[in-house]
Amino acid sequence: DGIVVLVSGRGSNLQALIDAVRDGRLPAGIRAVISNEPGAPALARARTAGIAVHVISHRDFPAREQFDRALIQRIDACQPRLVVLAGFMRILGPNFIDHYAGRLINIHPSLLPAFPGLDTHARALQSGAKFHGASVHFVTHEVDGGPVIVQAAVPVLPGDTPDILAERVLAEEHRIYPLAIGWFLAGRLAVAGGRVRLDGEER
Ligand code: GRF
């Protein structure tokens with residue numbers, strides 16, 4: 001049931017996982033929280049919850065490869081079944097991704113494949129989309145391009161700003177991330193040929 005959560009910032013998704021574990025909605029053990037940013041508010045959330053925290057700053061390493069290797073060592077020491085990216089803002093290299101193939105997931109604030117990358121809420125507004133949302137996906141070599149596990153859609157409403165829209169999406173993120181992690185830990189998810197199955201049914 002062990003998971004390790006990687007963060008860089010605010011940590012509201014981490015908080016949603018902490019709350020879900022505490023309330024018994026997510027039967028998981030958060031073995032550790034690792035941040036690449038020493039000042040990430042997420043770290044305080046973890047400490048308050050009594051979770052082990054580690055800072056591995058990418059600035060302490062000459063290149064991504066060495067940073068990734070330090071992360072792997074730290075994560076593997078925790079022996080998690082699943083590695084969870086929750087607002088982790090560094091791109092991970094191919095060695096890291098291959099090392100955790102099939103057990104590394106991310107949450108992205110858009111309805112993928114629409115709007116991979118940054119500034120998704122502003123881009124959704126600019127595009128004139130009537131719906132926006134969030135996606136949980138397995139991580140593959142293509143950034144924000146891995147097989148999608150679950151999505152939640154929200155309406156784009158008149159008067160929305162990127163911040164207002166982000167808040168509406170975030171509430172859905174906090175709902176679907178514990179859900180997806182629970183499915184994984186219950187053995188209900190499988191990936192084959194780049195497609196996700198839940199209870200044997202293609203998503
Ligand atoms: C979330 O919108 C998440 O989808 C994206 O980064 C943001 C992180 O927010 N990957 P938080 O740190 O979980 O509050």
# chains A, B, ... in the order shown; residues from 1 in each chain; ligands from 1
call {"tool": "closest_atom_pairs", "arguments": {"of": "chain A", "to": "ligand 1", "cutoff": "8 Å", "atoms": "only C-alpha atoms and all ligand atoms", "output": "Markdown table"}}
result
| residue | atom | partner | partner_atom_place_in_ligand_line | distance |
| --- | --- | --- | --- | --- |
| A:Val7 | CA | ligand 1 | 12 (O) | 6.7 |
| A:Ser8 | CA | ligand 1 | 12 (O) | 6.7 |
| A:Gly9 | CA | ligand 1 | 12 (O) | 4.8 |
| A:Arg10 | CA | ligand 1 | 12 (O) | 3.9 |
| A:Gly11 | CA | ligand 1 | 12 (O) | 3.5 |
| A:Ser12 | CA | ligand 1 | 14 (O) | 3.4 |
| A:Asn13 | CA | ligand 1 | 13 (O) | 3.6 |
| A:Leu14 | CA | ligand 1 | 13 (O) | 5.8 |
| A:Gln15 | CA | ligand 1 | 13 (O) | 7.7 |
| A:Ala42 | CA | ligand 1 | 12 (O) | 6.9 |
| A:Leu85 | CA | ligand 1 | 10 (N) | 7.6 |
| A:Ala86 | CA | ligand 1 | 13 (O) | 5.2 |
| A:Gly87 | CA | ligand 1 | 8 (C) | 3.6 |
| A:Phe88 | CA | ligand 1 | 10 (N) | 6.5 |
| A:Met89 | CA | ligand 1 | 10 (N) | 7.3 |
| A:Asn106 | CA | ligand 1 | 10 (N) | 7.1 |
| A:Ile107 | CA | ligand 1 | 4 (O) | 4.8 |
| A:His108 | CA | ligand 1 | 4 (O) | 4.0 |
| A:Pro109 | CA | ligand 1 | 4 (O) | 4.2 |
| A:Ser110 | CA | ligand 1 | 4 (O) | 7.9 |
| A:Ala134 | CA | ligand 1 | 4 (O) | 6.8 |
| A:Ser135 | CA | ligand 1 | 4 (O) | 7.9 |
| A:Ala166 | CA | ligand 1 | 2 (O) | 7.2 |
| A:Val169 | CA | ligand 1 | 2 (O) | 7.7 |
| A:Leu170 | CA | ligand 1 | 2 (O) | 6.0 |
| A:Glu173 | CA | ligand 1 | 4 (O) | 6.6 |
call {"tool": "residues_around", "arguments": {"residues": "range 16-22 of chain A", "least_positions_apart": "6", "cutoff": "9 Å", "atoms": "only C-alpha atoms", "output": "list of chain:residue names"}}
result
A:Ala28, A:Gly29, A:Ile30, A:Arg45, A:Ala46, A:Ala49, A:Glu173, A:His174, A:Arg175, A:Tyr177, A:Pro178
call {"tool": "residues_around", "arguments": {"residues": "Val83 in chain A", "least_positions_apart": "4", "cutoff": "12 Å", "atoms": "only C-alpha atoms", "output": "PyMOL selection string"}}
result
chain A and resi 1-7+28-34+71-72+74-76+78-79+88+96-97+99-107+138-139+181+184-185
call {"tool": "closest_residue", "arguments": {"among": "A:Pro62, A:Pro80, A:Gly93, A:Gly50", "to": "Thr140 in chain A", "atoms": "only C-alpha atoms"}}
result
A:Gly93
call {"tool": "select_by_dssp", "arguments": {"residues": "range 119-188 of chain A", "states": "strand (DSSP E)", "output": "short mmCIF file (atom, residue, chain, number, x, y, z; two decimals) with N, CA and C atoms, in the first residue's frame"}}
result
data_model
loop_
_atom_site.label_atom_id
_atom_site.label_comp_id
_atom_site.auth_asym_id
_atom_site.auth_seq_id
_atom_site.Cartn_x
_atom_site.Cartn_y
_atom_site.Cartn_z
N PHE A 131 -15.43 23.38 -22.11
CA PHE A 131 -15.11 22.51 -20.98
C PHE A 131 -13.61 22.45 -20.78
N HIS A 132 -13.23 22.28 -19.54
CA HIS A 132 -11.83 22.15 -19.18
C HIS A 132 -11.80 21.09 -18.07
N GLY A 133 -10.63 20.82 -17.49
CA GLY A 133 -10.64 19.82 -16.44
C GLY A 133 -9.27 19.34 -16.05
N ALA A 134 -9.22 18.11 -15.55
CA ALA A 134 -7.99 17.53 -15.05
C ALA A 134 -7.89 16.07 -15.46
N SER A 135 -6.65 15.60 -15.56
CA SER A 135 -6.40 14.22 -15.97
C SER A 135 -5.36 13.59 -15.06
N VAL A 136 -5.60 12.34 -14.67
CA VAL A 136 -4.57 11.53 -14.01
C VAL A 136 -4.06 10.56 -15.07
N HIS A 137 -2.73 10.48 -15.19
CA HIS A 137 -2.18 9.61 -16.24
C HIS A 137 -0.91 8.93 -15.80
N PHE A 138 -0.62 7.78 -16.39
CA PHE A 138 0.68 7.16 -16.20
C PHE A 138 1.72 8.01 -16.92
N VAL A 148 -4.13 7.87 -20.10
CA VAL A 148 -4.99 8.53 -19.11
C VAL A 148 -5.77 7.50 -18.31
N ILE A 149 -5.81 7.69 -16.99
CA ILE A 149 -6.51 6.79 -16.07
C ILE A 149 -7.91 7.31 -15.79
N VAL A 150 -8.02 8.60 -15.47
CA VAL A 150 -9.34 9.18 -15.16
C VAL A 150 -9.26 10.68 -15.41
N GLN A 151 -10.40 11.23 -15.84
CA GLN A 151 -10.48 12.68 -16.07
C GLN A 151 -11.75 13.21 -15.41
N ALA A 152 -11.71 14.49 -15.09
CA ALA A 152 -12.91 15.17 -14.61
C ALA A 152 -13.04 16.47 -15.40
N ALA A 153 -14.24 16.75 -15.86
CA ALA A 153 -14.49 17.96 -16.65
C ALA A 153 -15.24 18.99 -15.83
N VAL A 154 -14.95 20.25 -16.08
CA VAL A 154 -15.72 21.35 -15.48
C VAL A 154 -16.13 22.28 -16.61
N PRO A 155 -17.23 23.02 -16.43
CA PRO A 155 -17.61 23.99 -17.45
C PRO A 155 -16.70 25.22 -17.38
#
call {"tool": "residues_around", "arguments": {"residues": "Val143 in chain A", "least_positions_apart": "2", "cutoff": "10 Å", "atoms": "only C-alpha atoms", "output": "PyMOL selection string"}}
result
chain A and resi 91-92+116-117+139-141+145-146
call {"tool": "atom_distance", "arguments": {"atom1": "CA of Arg64 in chain A", "atom2": "CA of Glu142 in chain A"}}
result
16.3 Å
call {"tool": "residues_around", "arguments": {"residues": "Leu157 in chain A", "least_positions_apart": "2", "cutoff": "10 Å", "atoms": "only C-alpha atoms", "output": "MDAnalysis selection string"}}
result
chainID A and resid 125 129:131 154:155 159:161 164:165
call {"tool": "write_last_selection", "arguments": {"atoms": "C-alpha atoms", "output": "short mmCIF file (atom, residue, chain, number, x, y, z; two decimals), in the first residue's frame"}}
result
data_model
loop_
_atom_site.label_atom_id
_atom_site.label_comp_id
_atom_site.auth_asym_id
_atom_site.auth_seq_id
_atom_site.Cartn_x
_atom_site.Cartn_y
_atom_site.Cartn_z
CA LEU A 125 -9.78 30.25 -21.85
CA ALA A 129 -13.22 25.78 -24.93
CA LYS A 130 -16.56 25.24 -23.21
CA PHE A 131 -15.11 22.51 -20.98
CA VAL A 154 -15.72 21.35 -15.48
CA PRO A 155 -17.61 23.99 -17.45
CA GLY A 159 -16.36 35.85 -16.54
CA ASP A 160 -13.82 33.11 -15.77
CA THR A 161 -10.24 34.19 -15.22
CA ILE A 164 -11.17 31.20 -11.06
CA LEU A 165 -11.02 28.36 -13.57
#
call {"tool": "atom_distance", "arguments": {"atom1": "CA of Thr120 in chain A", "atom2": "CA of Val84 in chain A"}}
result
20.4 Å
